Amino acid sequence: MEILTATHMGFCYGVRRAVEMAISTDPASRGQKMVTLGPLIHSPQMIKKLASEGVDVIDSLEDANGATVLIRSHGVAPSIYETAVQQGIKLRDATCPHVKKAQQAAMQFAERGFQVVVAGEKNHQEVKSILAWAGPGALAVEKIDDLKGVILSEKVGLVSQTTLEKEVFDSIRDELTGKTGILEVEPTICSATEQRQHAARQLSAEVQVMIVIGGKNSANTRHLAEVCHKTGTRTYHVETAQELETSWFSGVERAGITAGASTPDWIIEEVRQRMENMEQVKLEKQDRLEKGVILTGKVVGINKELVFVDIGQKSEGFVTLAELAWPAPADAHEVVVIGQLLSVLVLDPETSEGSVQLSKVQADRLLAWDRMEDAMQEGRALDVSVSAVVKGGLSVSAFGIRCFMPASQVDVGFVENLALFVGQTISALPIEVDREKQRAVFSRRALLEAERQVSEAIAVEKLEVGLVIDGVVRRLATFGAFVDVGGIEGLVHVSEMAWHRVKDASDLLKVGDEIKVQILKIDKTLRKVSLGMKQLQSDPWQTAVRDFAEGTTVTGKVTRTSKFGAFVELSPGVEGLVHISELSDRRVNSADEVVQMGQKVPVKVLGIDPAAKRISLSIVKAQEDAERKEYAPFLNANEPMGATIGDKLGHLFKNKE
């Protein structure tokens with residue numbers, strides 16, 4: 001039986017983000033216990049795992065008891081935030097960005113006087129949270145029959161549950177079109193949901209049986225199962241591998257697997273392995289055992305040194321400690337339990353004692369290469385355990401196979417201390433799998449970059465040119481600062497930091513600074529955002545006309561020199577140009593002959609153009625004015641300075657007349 005997996009399945013960005021927020025740091029390092037307000041996601045197994053790590057579920061804020069409260073991915077009503085502020089409860093918001101978008105759209109419709117209709121399941125927590133933001137008169141609609149007899153407002157705004165099937169949403173939209181005067185639609189179905197459903201639909205057409213994995217209380221998974229059912233393919237919805245039945249796959253040559261947005265990778269892998277084991281059962285029915293054959297057997301006996309396995313033959317097989325796990329355990333009870341299914345490789349089909357010698361380690365190793373090759377082809381991440389720092393990177397293991405992760409592939413940036421990862425289990429993408437050379441290379445960086453692209457695509461959709469937003473400085477360069485504005489980094493160029501000239505971004509900012517910025521430009525295709533700081537500061541040129549009127553003389557500082565003149569800063573953000581002809585009353589070839597950078601000089605304002613932000617200055621005119629002022633007392637004296645030639649000879653000119 002060939003087992004195929006959907007190209008898009010499992011954790012979506014919003015769910016993965018919520019889980020990472022819950023388990024990114026342990027309670028001891030957080031310094032405060034964390035709890036979730038309601039189940040974080042629709043996966044009982046994941047909730048149980050979180051509880052084992054100290055992240056419990058509470059039903060109301062009153063039960064927080066001093067803990068940090070994590071808002072679940074489905075979102076909550078605005079009253080929750082208000083209550084938390086009033087009671088001094090610390091919140092961490094793991095609301096899915098797509099749900100947040102739906103909440104904001106509903107609120108904005110309500111503020112504009114629209115009645116809000118939410119297409120989705122009435123009792124779903126996500127729909128309830130959206131309705132809470134939508135104001136009075138809002139209603140949830142699961143199907144067009146819910147609109148029968150309903151009197152709607154003249155203006156209706158339509159949003160949807162993020163996991164709703166597009167066909168259902170379209171039918172509700174079409175029905176509303178004829179029932180109201182003005183209908184505005186804000187499409188809030190998550191693109192990841194559409195991709196997952198499309199991939200499931202395509203895969204269902206290629207297989208005989210579809211297995212849909214996810215919580216029975218998950219609307220996302222139920223919708224996914226419905227999509228598969230509609231293709232006519234036999235579809236089974238399971239939460240765990242234990243629910244699989246061998247009869248489902250009788251005579252099946254191709255089976256497919258998909259999973260809801262709340263399904264962890266490890267549950268998907270367990271289902272996949274269980275299906276592979278069921279396939280291997282067919283091999284056990286052969287009359288003759290051969291060395292090197294992989295079988296599936298059930299553990300029927302355990303002692304300290306041996307595990308006895310029923311492989312469907314006359315004789316049971318046995319597995320020694322060395323062939324049970326690597327490194328070999330001290331006691332077989334540490335690894336397996338009675339009734340457990342194992343994949344085993346036949347080492348010796350008939351020993352001198354008449355039993356079959358088996359190896360779990362070697363079977364796992366052979367199957368591991370298959371799984372790694374499949375994961376690489378599908379672009380699917382695997383969990384790997386980091387065992388040691390080695391030359392050039394990290395030694396990691398996947399399915400018991402020793403693999404390698406280059407230092408350059410550990411993170412998106414340089415990691416100074418790789419030892420911090422030792423002992424951790426991390427998700428990574430296989431980027432090279434060579435069975436013959438027994439070489440497998442993993443990249444955590446590739447996975448992080450793929451996830452970042454998704455988060456950036458979501459974040460950039462929320463931004464608008466002109467929006468003023470809070471940001472955090474993440475990186476500095478000479479030419480500017482990279483600022484995180486909610487899931488995407490934008491650049492504040494040095495020319496946009498202040499009205500005065502900034503040579504280096506580090507002159508004004510440091511990493512970690514929290515600042516306000518304005519969105520200047522957005523390129524959604526390239527996911528590039530240009531930001532500005534000076535736009536939130538008063539423009540010094542607005543007062544330049546008053547402070548530096550034509551004809552006034554002021555003192556400024558030389559900031560730059562060139563062949564055609566010198567630039568003089570009159571005040572922060574306001575510079576003027578002293579043309580080379582206005583530098584000196586003698587001929588000069590370069591401004592450097594007269595002034596130097598940083599020198600303070602008196603200049604006279606010859607002209608000012610506020611619109612073009614240009615000021616013409618003159619050092620020569622300023623010096624002439626200073627000299628004129630110095631000699632003025634002598635030129636304007638009222639007292640006679642003695643006899644003049646006119647006094648002595650003036651009568652001669654009068655006689656000639």
# chains A, B, ... in the order shown; residues from 1 in each chain; ligands from 1
>>> residues_around(residues="A:Lys557", least_positions_apart="2", cutoff="7 Å", atoms="only C-alpha atoms", output="list in words")
Thr559, Val568, Glu569, Leu570, Gly598, Gln599, Lys600 and Val601 of chain A
>>> residues_around(residues="A:Val410", least_positions_apart="5", cutoff="9 Å", atoms="only C-alpha atoms", output="ChimeraX atom specification")
/A:393-394,405,415,418,428,442-446
>>> atom_distance(atom1="atom CA of A:Leu40", atom2="atom CA of A:Val127")
15.3 Å
>>> select_by_dssp(residues="stretch 163-353 of chain A", states="alpha helix (DSSP H)", output="ChimeraX atom specification")
/A:166-177,191-204,219-230,265-284,321-324
>>> closest_residue(among="A:Ile144, A:Leu526, A:Ala330, A:Ala84", to="A:Gly66", atoms="only C-alpha atoms")
A:Ala84
>>> closest_residue(among="A:Thr263, A:Lys360, A:Pro329, A:Gly38", to="A:Val299", atoms="only C-alpha atoms")
A:Lys360
>>> closest_residue(among="A:Arg474, A:Arg234, A:Arg452, A:His333", to="A:Asp411", atoms="only C-alpha atoms")
A:Arg452
>>> atom_distance(atom1="atom CA of A:Met376", atom2="atom CA of A:Arg272")
15.8 Å
>>> residues_around(residues="stretch 532-544 of chain A", least_positions_apart="6", cutoff="7 Å", atoms="only C-alpha atoms", output="MDAnalysis selection string")
chainID A and resid 492 496:499 517:520 573:574 610 613
>>> select_by_dssp(residues="stretch 188-240 of chain A", states="strand (DSSP E or B)", output="PyMOL selection string")
chain A and resi 209-213+234-238
>>> residues_around(residues="stretch 107-109 of chain A", least_positions_apart="2", cutoff="10 Å", atoms="only C-alpha atoms", output="MDAnalysis selection string")
chainID A and resid 101:105 111:117 130:135 155:159 184:186
>>> write_last_selection(atoms="C-alpha atoms", output="CSV table (one decimal), in the first residue's frame")
chain,number,residue,atom,x,y,z
A,101,LYS,CA,-8.4,40.5,11.4
A,102,ALA,CA,-12.0,39.2,11.5
A,103,GLN,CA,-12.5,40.8,14.9
A,104,GLN,CA,-11.3,44.1,13.7
A,105,ALA,CA,-13.3,44.0,10.5
A,111,GLU,CA,-18.6,51.6,14.1
A,112,ARG,CA,-19.9,52.6,10.6
A,113,GLY,CA,-23.4,51.6,11.5
A,114,PHE,CA,-23.5,48.2,9.7
A,115,GLN,CA,-25.2,45.1,11.0
A,116,VAL,CA,-22.6,42.4,11.2
A,117,VAL,CA,-23.2,38.9,9.9
A,130,ILE,CA,-15.9,37.8,16.5
A,131,LEU,CA,-19.6,38.4,17.5
A,132,ALA,CA,-18.4,40.0,20.8
A,133,TRP,CA,-16.5,42.6,18.7
A,134,ALA,CA,-19.4,43.2,16.3
A,135,GLY,CA,-21.7,45.1,18.6
A,155,LYS,CA,-26.5,48.1,5.6
A,156,VAL,CA,-24.9,44.7,6.3
A,157,GLY,CA,-21.2,43.8,6.7
A,158,LEU,CA,-20.2,40.2,6.2
A,159,VAL,CA,-17.2,38.5,7.7
A,184,GLU,CA,-20.0,45.0,2.2
A,185,VAL,CA,-17.9,41.9,2.4
A,186,GLU,CA,-14.6,41.5,4.3
>>> residues_around(residues="A:Glu62", least_positions_apart="2", cutoff="10 Å", atoms="only C-alpha atoms", output="list in words")
Ile58, Asp59, Ser60, Ala64, Asn65, Gly66, Thr83, Ala84, Gln87 and Ile89 of chain A
>>> write_last_selection(atoms="C-alpha atoms", output="mmCIF file, in the first residue's frame")
data_model
loop_
_atom_site.group_PDB
_atom_site.id
_atom_site.type_symbol
_atom_site.label_atom_id
_atom_site.label_comp_id
_atom_site.auth_asym_id
_atom_site.auth_seq_id
_atom_site.Cartn_x
_atom_site.Cartn_y
_atom_site.Cartn_z
ATOM 1 C CA ILE A 58 -8.561 27.860 33.269
ATOM 2 C CA ASP A 59 -12.194 28.745 32.543
ATOM 3 C CA SER A 60 -12.212 32.374 33.733
ATOM 4 C CA ALA A 64 -5.615 32.980 37.174
ATOM 5 C CA ASN A 65 -4.262 33.255 40.740
ATOM 6 C CA GLY A 66 -1.336 35.442 39.716
ATOM 7 C CA THR A 83 -11.169 42.960 32.951
ATOM 8 C CA ALA A 84 -7.496 41.971 32.844
ATOM 9 C CA GLN A 87 -7.578 43.401 37.856
ATOM 10 C CA ILE A 89 -3.726 40.378 35.228
#
>>> closest_residue(among="A:Phe399, A:Trp266, A:Trp248, A:Phe548", to="A:Trp326", atoms="only C-alpha atoms")
A:Phe399
>>> residues_around(residues="stretch 578-591 of chain A", least_positions_apart="4", cutoff="9 Å", atoms="only C-alpha atoms", output="mmCIF file with N, CA and C atoms, in the first residue's frame")
data_model
loop_
_atom_site.group_PDB
_atom_site.id
_atom_site.type_symbol
_atom_site.label_atom_id
_atom_site.label_comp_id
_atom_site.auth_asym_id
_atom_site.auth_seq_id
_atom_site.Cartn_x
_atom_site.Cartn_y
_atom_site.Cartn_z
ATOM 1 N N THR A 561 31.483 70.316 2.681
ATOM 2 C CA THR A 561 32.072 71.211 1.687
ATOM 3 C C THR A 561 32.118 70.493 0.350
ATOM 4 N N SER A 562 32.073 71.284 -0.722
ATOM 5 C CA SER A 562 32.151 70.716 -2.063
ATOM 6 C C SER A 562 32.811 71.730 -2.981
ATOM 7 N N LYS A 563 32.928 71.376 -4.262
ATOM 8 C CA LYS A 563 33.572 72.264 -5.225
ATOM 9 C C LYS A 563 32.777 73.544 -5.430
ATOM 10 N N PHE A 564 31.435 73.448 -5.240
ATOM 11 C CA PHE A 564 30.604 74.618 -5.520
ATOM 12 C C PHE A 564 30.212 75.405 -4.276
ATOM 13 N N GLY A 565 30.660 74.965 -3.103
ATOM 14 C CA GLY A 565 30.333 75.744 -1.918
ATOM 15 C C GLY A 565 30.380 74.947 -0.639
ATOM 16 N N ALA A 566 29.753 75.507 0.392
ATOM 17 C CA ALA A 566 29.732 74.863 1.703
ATOM 18 C C ALA A 566 28.312 74.883 2.252
ATOM 19 N N PHE A 567 27.942 73.767 2.898
ATOM 20 C CA PHE A 567 26.635 73.685 3.539
ATOM 21 C C PHE A 567 26.785 74.035 5.012
ATOM 22 N N VAL A 568 25.896 74.905 5.472
ATOM 23 C CA VAL A 568 25.974 75.403 6.844
ATOM 24 C C VAL A 568 24.656 75.100 7.546
ATOM 25 N N VAL A 595 36.784 77.435 4.596
ATOM 26 C CA VAL A 595 36.146 76.895 5.803
ATOM 27 C C VAL A 595 36.444 75.404 5.932
ATOM 28 N N GLN A 596 36.262 74.878 7.133
ATOM 29 C CA GLN A 596 36.430 73.453 7.403
ATOM 30 C C GLN A 596 35.175 72.923 8.092
ATOM 31 N N VAL A 603 26.805 83.941 8.762
ATOM 32 C CA VAL A 603 26.314 83.959 7.387
ATOM 33 C C VAL A 603 25.097 84.876 7.304
ATOM 34 N N ILE A 615 17.990 77.425 1.284
ATOM 35 C CA ILE A 615 18.373 78.741 1.786
ATOM 36 C C ILE A 615 19.711 79.114 1.166
ATOM 37 N N SER A 616 19.782 80.315 0.595
ATOM 38 C CA SER A 616 21.039 80.826 0.035
ATOM 39 C C SER A 616 21.699 81.708 1.083
ATOM 40 N N LEU A 617 22.982 81.445 1.328
ATOM 41 C CA LEU A 617 23.718 82.149 2.379
ATOM 42 C C LEU A 617 24.968 82.809 1.805
ATOM 43 N N SER A 618 25.517 83.753 2.573
ATOM 44 C CA SER A 618 26.743 84.433 2.150
ATOM 45 C C SER A 618 27.600 84.769 3.350
ATOM 46 N N ILE A 619 28.841 84.310 3.295
ATOM 47 C CA ILE A 619 29.811 84.704 4.323
ATOM 48 C C ILE A 619 30.345 86.096 3.996
ATOM 49 N N VAL A 620 30.537 86.374 2.701
ATOM 50 C CA VAL A 620 31.056 87.683 2.278
ATOM 51 C C VAL A 620 30.133 88.794 2.743
ATOM 52 N N LYS A 621 28.813 88.650 2.504
ATOM 53 C CA LYS A 621 27.857 89.686 2.877
ATOM 54 C C LYS A 621 27.791 89.837 4.387
#
>>> atom_distance(atom1="atom CA of A:Thr36", atom2="atom CA of A:Glu121")
22.5 Å
>>> residues_around(residues="stretch 199-206 of chain A", least_positions_apart="2", cutoff="8 Å", atoms="only C-alpha atoms", output="list in words")
Leu4, Thr5, Ala6, Thr7, His8, Gln195, Arg196, Gln197, Gln208, Val209, Met210, Leu224, Val227, Cys228, Thr231, Thr233, Arg254, Gly256 and Thr258 of chain A
>>> write_last_selection(atoms="C-alpha atoms", output="compact mmCIF listing (two decimals), in the first residue's frame")
# COMPACT_ATOMS: atom_id res chain seq x y z
CA LEU A 4 0.52 9.67 0.27
CA THR A 5 0.34 12.86 2.34
CA ALA A 6 -1.30 16.18 1.48
CA THR A 7 1.03 19.00 0.46
CA HIS A 8 -0.61 21.29 3.05
CA GLN A 195 -4.76 25.63 0.67
CA ARG A 196 -5.31 22.74 3.09
CA GLN A 197 -8.80 22.01 1.74
CA GLN A 208 -8.91 4.90 -2.33
CA VAL A 209 -9.00 5.84 1.35
CA MET A 210 -8.43 9.20 3.12
CA LEU A 224 -11.59 18.95 6.01
CA VAL A 227 -14.24 18.10 1.71
CA CYS A 228 -12.77 14.61 1.32
CA THR A 231 -15.05 13.65 -3.60
CA THR A 233 -13.52 8.74 -1.44
CA ARG A 254 -3.13 3.90 -2.24
CA GLY A 256 -3.96 9.41 1.75
CA THR A 258 -4.27 14.97 5.75
